[in-house]
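Okay, so here's the structure we're looking at.
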Amino acid sequence: MTNASLRPRKATLQDVADRAGVSLATASRVLNAGSRRVGRSMADRVNQAVAELGYTANLQARAVATGQSAMVGVVVHDIADPYFSSIAAGLIEAAETLGLLVCMSSTSATEAAEREYVELMRAQRARAVVLIGSRSDDAAARDALRVEIEAFTRSGGQAVCVGQDLLGVDTIRPENLAGASALARALAALGHRSFAVLAGPRGLLTARDRLEGFRAGLTAWSIPAELVRVVHGEFTRDGGYEAMSAILAAGEPFPDCVFAVTDVMAVGALARLRAAGIEVPGQIAVAGFDDIITLRDVYPPLTTVRLPLKRMGEMAAGLLVSGIHPDPARPRVVPVPGEVIMRDSTNRRPPG
């Protein structure tokens with residue numbers, strides 16, 4: 001007797017149908033959520049048979065039969081960044097309750113890398129793809145990504161974006177420009193008059209939107225543009241540290257306040273100021289954007305613009321199963337406003 005003959009035989013869908021006393025087609029409709037509804041009593045019998053037999057579906061066979069799997073591909077630019085991981089966590093939790101399987105990848109912040117991932121998900125017959133991250137100013141690469149997304153949706157898949165609504169798909173859109181503008185006005189109201197902006201990479205539109213919004217907010221307080229020093233750097237803690245180093249290397253007079261376009265950059269800036277023995281906010285105030293979860297351990301507590309990051313992930317999952325068939329000609333765009341959160345890192349500046 002071989003080892004193979006000793007292993008218990010896996011239950012098949014036909015076994016489930018026989019145990020439940022229904023046809024194979026009925027059992028399939030129950031388990032695959034087909035368009036034809038099955039009565040509650042009959043569905044309960046099928047589900048009970050599944051539990052008793054320990055039946056598990058052959059997902060590969062289902063994908064071949066239906067042309068689509070339960071897989072949702074999710075791509076983020078940096079899974080180590082709490083901004084992306086918080087959004088992904090909300091999406092994964094929501095997808096799990098919906099019976100969807102999330103396949104996540106972390107790619108470079110380029111449309112070319114995202115296009116390759118969408119192409120892979122199309123080959124895997126994924127049900128949907130969710131792109132979490134900023135668009136870039138590379139119009140050619142963005143157009144190539146749109147072409148691949150269109151091929152994916154023509155094959156029956158669905159695409160959702162969390163970021164700028166530039167891909168012609170359903171989008172959760174954080175209001176970056178408005179949030180940064182509101183923060184600038186709040187900081188000016190505290191008495192800050194000279195500023196530096198740690199502006200992130202030049203090519204990312206999220207960084208550009210937040211910089212432009214911040215400038216617009218200062219303009220509302222008649223603060224001239226020449227009093228705003230801009231230093232570009234990576235969207236990372238080290239990027240913020242290095243950008244803050246450039247501000248300090250320029251020498252005094254230092255700016256009243258430094259605005260980092262992401263919280264992770266702000267954390268790096270705080271570390272650099274601490275290393276230089278410069279008090280925050282006594283000598284330089286610091287503010288960020290996003291309100292990432294790790295800020296609860298930052299001292300002094302960081303002023304920022306709060307985005308409901310986990311909720312944004314849940315909203316993205318909701319677009320996948322809202323019951324509204326996506327119209328390629330009229331993609332849904334859900335704006336997400338930011339909330340200015342004032343904390344100790346930007347306490348009121350004394351007059352003069």
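Naming scheme: A, B, ... for chains in displayed order of the structure tokens; residues 1 onward per chain; ligands 1 onward as shown.
Around A:Gly99, within 12 Å and counting only C-alpha atoms, the residues found are Leu31, Asn32, Ala33, Ser69, Ala70, Met71, Val72, Ile92, Glu93, Ala94, Ala95, Glu96, Thr97, Leu101, Val102, Arg127, Ala317 and Val321 of chain A, once anything fewer than 2 positions away on its own chain is removed.
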Practice problem: Within stretch 246-352 of chain A, find each residue whose DSSP state, derived from the backbone, is helix (DSSP H, G or I), and express the selection as an NGL selection string. | Solution: :A and (246-249 or 263-275 or 293-297 or 309-320 or 344-346)
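The two atoms in question, atom CA of A:Asp165 and atom CA of A:Arg215, are spaced 22.2 Å apart.
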Exercise. Could you give me the residues within stretch 54-149 of chain A that DSSP places in strand (DSSP E or B), as a PyMOL selection string?
Key: chain A and resi 71-76+101-106+128-132+136
Write a file of the just-selected residues containing N, CA and C atoms, as a compact mmCIF listing (two decimals), in the first residue's frame.
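Wrote selection.txt, looks like this:
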```txt
# COMPACT_ATOMS: atom_id res chain seq x y z
N MET A 71 -8.91 37.20 -5.96
CA MET A 71 -7.70 37.92 -5.60
C MET A 71 -7.83 39.42 -5.89
N VAL A 72 -7.36 40.22 -4.94
CA VAL A 72 -7.25 41.66 -5.13
C VAL A 72 -5.78 42.03 -5.00
N GLY A 73 -5.20 42.54 -6.05
CA GLY A 73 -3.82 42.98 -6.01
C GLY A 73 -3.72 44.39 -5.46
N VAL A 74 -2.85 44.59 -4.49
CA VAL A 74 -2.66 45.91 -3.88
C VAL A 74 -1.19 46.28 -3.99
N VAL A 75 -0.91 47.45 -4.53
CA VAL A 75 0.47 47.89 -4.67
C VAL A 75 0.65 49.21 -3.92
N VAL A 76 1.68 49.28 -3.09
CA VAL A 76 2.03 50.49 -2.35
C VAL A 76 3.47 50.87 -2.68
N LEU A 101 -9.15 37.78 -1.28
CA LEU A 101 -7.76 37.47 -0.95
C LEU A 101 -6.86 38.58 -1.47
N VAL A 102 -6.13 39.23 -0.56
CA VAL A 102 -5.29 40.35 -0.93
C VAL A 102 -3.87 39.88 -1.21
N CYS A 103 -3.35 40.27 -2.37
CA CYS A 103 -1.95 40.01 -2.74
C CYS A 103 -1.25 41.36 -2.82
N MET A 104 -0.33 41.63 -1.89
CA MET A 104 0.28 42.95 -1.79
C MET A 104 1.70 42.96 -2.32
N SER A 105 2.07 44.09 -2.92
CA SER A 105 3.43 44.29 -3.39
C SER A 105 3.85 45.72 -3.08
N SER A 106 5.11 45.89 -2.75
CA SER A 106 5.69 47.21 -2.53
C SER A 106 6.64 47.50 -3.68
N ALA A 128 -9.48 42.46 -8.91
CA ALA A 128 -9.28 43.91 -8.87
C ALA A 128 -7.84 44.23 -8.54
N VAL A 129 -7.45 45.47 -8.82
CA VAL A 129 -6.17 46.01 -8.36
C VAL A 129 -6.44 47.34 -7.68
N VAL A 130 -5.67 47.61 -6.63
CA VAL A 130 -5.76 48.87 -5.91
C VAL A 130 -4.36 49.48 -5.87
N LEU A 131 -4.23 50.67 -6.43
CA LEU A 131 -2.96 51.37 -6.47
C LEU A 131 -2.96 52.46 -5.41
N ILE A 132 -2.07 52.32 -4.41
CA ILE A 132 -2.01 53.27 -3.30
C ILE A 132 -0.73 54.08 -3.43
N SER A 136 3.16 60.60 -10.56
CA SER A 136 4.36 61.38 -10.84
C SER A 136 4.09 62.34 -11.99
```
Practice problem: Quick one: everything within 7 Å of stretch 287-303 of chain A, counting only C-alpha atoms, minus sequence neighbours fewer than 4 positions away in the same chain. Send it as a ChimeraX atom specification. | Solution: /A:82-83,258-263,266,307,341-346
Practice problem: Using only C-alpha atoms, find the one residue out of A:Gln124, A:Ser41, A:Ser245, A:Thr219 that sits nearest to A:Val22. | Solution: A:Ser41
Exercise. Show which residues sit within 10 Å of A:Pro335, as a PyMOL selection string. Count only C-alpha atoms, and ignore same-chain residues fewer than 6 positions away.
Key: chain A and resi 163-165+171-176
Emit the selected residues as an mmCIF file, in the first residue's frame, including N, CA, C and O atoms.
```
data_model
loop_
_atom_site.group_PDB
_atom_site.id
_atom_site.type_symbol
_atom_site.label_atom_id
_atom_site.label_comp_id
_atom_site.auth_asym_id
_atom_site.auth_seq_id
_atom_site.Cartn_x
_atom_site.Cartn_y
_atom_site.Cartn_z
ATOM 1 N N GLY A 163 -5.168 58.234 -4.210
ATOM 2 C CA GLY A 163 -4.215 59.271 -4.593
ATOM 3 C C GLY A 163 -4.871 60.249 -5.541
ATOM 4 O O GLY A 163 -6.083 60.477 -5.467
ATOM 5 N N GLN A 164 -4.103 60.810 -6.473
ATOM 6 C CA GLN A 164 -4.666 61.740 -7.449
ATOM 7 C C GLN A 164 -5.572 60.994 -8.426
ATOM 8 O O GLN A 164 -5.303 59.846 -8.782
ATOM 9 N N ASP A 165 -6.640 61.659 -8.876
ATOM 10 C CA ASP A 165 -7.569 61.019 -9.813
ATOM 11 C C ASP A 165 -7.139 61.326 -11.249
ATOM 12 O O ASP A 165 -7.755 62.099 -11.968
ATOM 13 N N THR A 171 -11.498 56.479 -7.519
ATOM 14 C CA THR A 171 -10.371 57.005 -6.760
ATOM 15 C C THR A 171 -10.802 57.539 -5.394
ATOM 16 O O THR A 171 -11.813 58.247 -5.289
ATOM 17 N N ILE A 172 -10.024 57.174 -4.370
ATOM 18 C CA ILE A 172 -10.101 57.825 -3.061
ATOM 19 C C ILE A 172 -9.048 58.927 -3.090
ATOM 20 O O ILE A 172 -7.856 58.640 -3.165
ATOM 21 N N ARG A 173 -9.488 60.187 -3.026
ATOM 22 C CA ARG A 173 -8.573 61.303 -3.255
ATOM 23 C C ARG A 173 -8.382 62.140 -1.983
ATOM 24 O O ARG A 173 -9.269 62.898 -1.596
ATOM 25 N N PRO A 174 -7.227 62.034 -1.319
ATOM 26 C CA PRO A 174 -6.960 62.916 -0.181
ATOM 27 C C PRO A 174 -6.820 64.356 -0.650
ATOM 28 O O PRO A 174 -6.199 64.623 -1.680
ATOM 29 N N GLU A 175 -7.382 65.281 0.120
ATOM 30 C CA GLU A 175 -7.353 66.691 -0.257
ATOM 31 C C GLU A 175 -6.050 67.320 0.232
ATOM 32 O O GLU A 175 -6.034 68.088 1.205
ATOM 33 N N ASN A 176 -4.978 67.014 -0.462
ATOM 34 C CA ASN A 176 -3.645 67.447 -0.034
ATOM 35 C C ASN A 176 -3.470 68.962 -0.084
ATOM 36 O O ASN A 176 -2.944 69.576 0.847
#
```
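Excluding stretch 10-18 of chain A and any residue on its chain fewer than 5 positions from it, the residues at most 7 Å away by only C-alpha atoms are Ser23, Leu24, Ala27, Val46, Ala49, Val50, Leu53 and Tyr55 of chain A.
With atom CA of A:Ala186 on one side and atom CA of A:Pro201 on the other, the separation reads 24.9 Å.
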Quiz item: Can you list, as a PyMOL selection string, every protein, DNA or RNA residue that comes within 9 Å of A:Val228 when you count only C-alpha atoms, leaving out same-chain residues fewer than 2 positions away?
Solution: chain A and resi 194-197+215+223-226+230+255
Write the residues of the preceding selection, restricted to N, CA and C atoms, as a PDB file, in the first residue's frame.
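As a result, out-v4.pdb now contains:
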```
ATOM      1  N   SER A 194       8.413  83.235   9.002  1.00  0.00           N
ATOM      2  CA  SER A 194       9.377  82.717   8.023  1.00  0.00           C
ATOM      3  C   SER A 194       9.356  81.200   8.086  1.00  0.00           C
ATOM      4  N   PHE A 195       9.432  80.564   6.920  1.00  0.00           N
ATOM      5  CA  PHE A 195       9.186  79.129   6.841  1.00  0.00           C
ATOM      6  C   PHE A 195      10.206  78.429   5.948  1.00  0.00           C
ATOM      7  N   ALA A 196      10.402  77.148   6.231  1.00  0.00           N
ATOM      8  CA  ALA A 196      11.096  76.237   5.327  1.00  0.00           C
ATOM      9  C   ALA A 196      10.171  75.056   5.072  1.00  0.00           C
ATOM     10  N   VAL A 197      10.189  74.542   3.862  1.00  0.00           N
ATOM     11  CA  VAL A 197       9.371  73.386   3.499  1.00  0.00           C
ATOM     12  C   VAL A 197      10.292  72.257   3.068  1.00  0.00           C
ATOM     13  N   ARG A 215       1.986  77.157   0.279  1.00  0.00           N
ATOM     14  CA  ARG A 215       2.283  78.500  -0.216  1.00  0.00           C
ATOM     15  C   ARG A 215       1.011  79.338  -0.340  1.00  0.00           C
ATOM     16  N   ILE A 223       2.187  86.655   3.527  1.00  0.00           N
ATOM     17  CA  ILE A 223       3.578  86.272   3.785  1.00  0.00           C
ATOM     18  C   ILE A 223       4.249  86.042   2.445  1.00  0.00           C
ATOM     19  N   PRO A 224       5.262  86.844   2.103  1.00  0.00           N
ATOM     20  CA  PRO A 224       5.856  86.771   0.759  1.00  0.00           C
ATOM     21  C   PRO A 224       6.573  85.452   0.502  1.00  0.00           C
ATOM     22  N   ALA A 225       6.621  85.073  -0.766  1.00  0.00           N
ATOM     23  CA  ALA A 225       7.197  83.792  -1.161  1.00  0.00           C
ATOM     24  C   ALA A 225       8.679  83.705  -0.811  1.00  0.00           C
ATOM     25  N   GLU A 226       9.388  84.852  -0.786  1.00  0.00           N
ATOM     26  CA  GLU A 226      10.822  84.808  -0.500  1.00  0.00           C
ATOM     27  C   GLU A 226      11.120  84.419   0.943  1.00  0.00           C
ATOM     28  N   VAL A 230      12.595  76.271   0.265  1.00  0.00           N
ATOM     29  CA  VAL A 230      12.156  74.929  -0.136  1.00  0.00           C
ATOM     30  C   VAL A 230      13.373  74.031  -0.333  1.00  0.00           C
ATOM     31  N   PRO A 255      14.549  79.596   9.946  1.00  0.00           N
ATOM     32  CA  PRO A 255      13.121  79.872   9.799  1.00  0.00           C
ATOM     33  C   PRO A 255      12.391  79.716  11.138  1.00  0.00           C
TER      34      PRO A 255
END
```
Exercise. Just give me the gap between atom CA of A:Gly277 and atom CA of A:Phe254 in Å, one decimal is fine.
Key: 13.7 Å
Exercise. Can you pull out every residue within 12 Å of A:Glu252, counting only C-alpha atoms, but drop anything in the same chain fewer than 6 positions away, and send it as a list of chain:residue names?
Key: A:Ala246, A:Gln283, A:Ile284
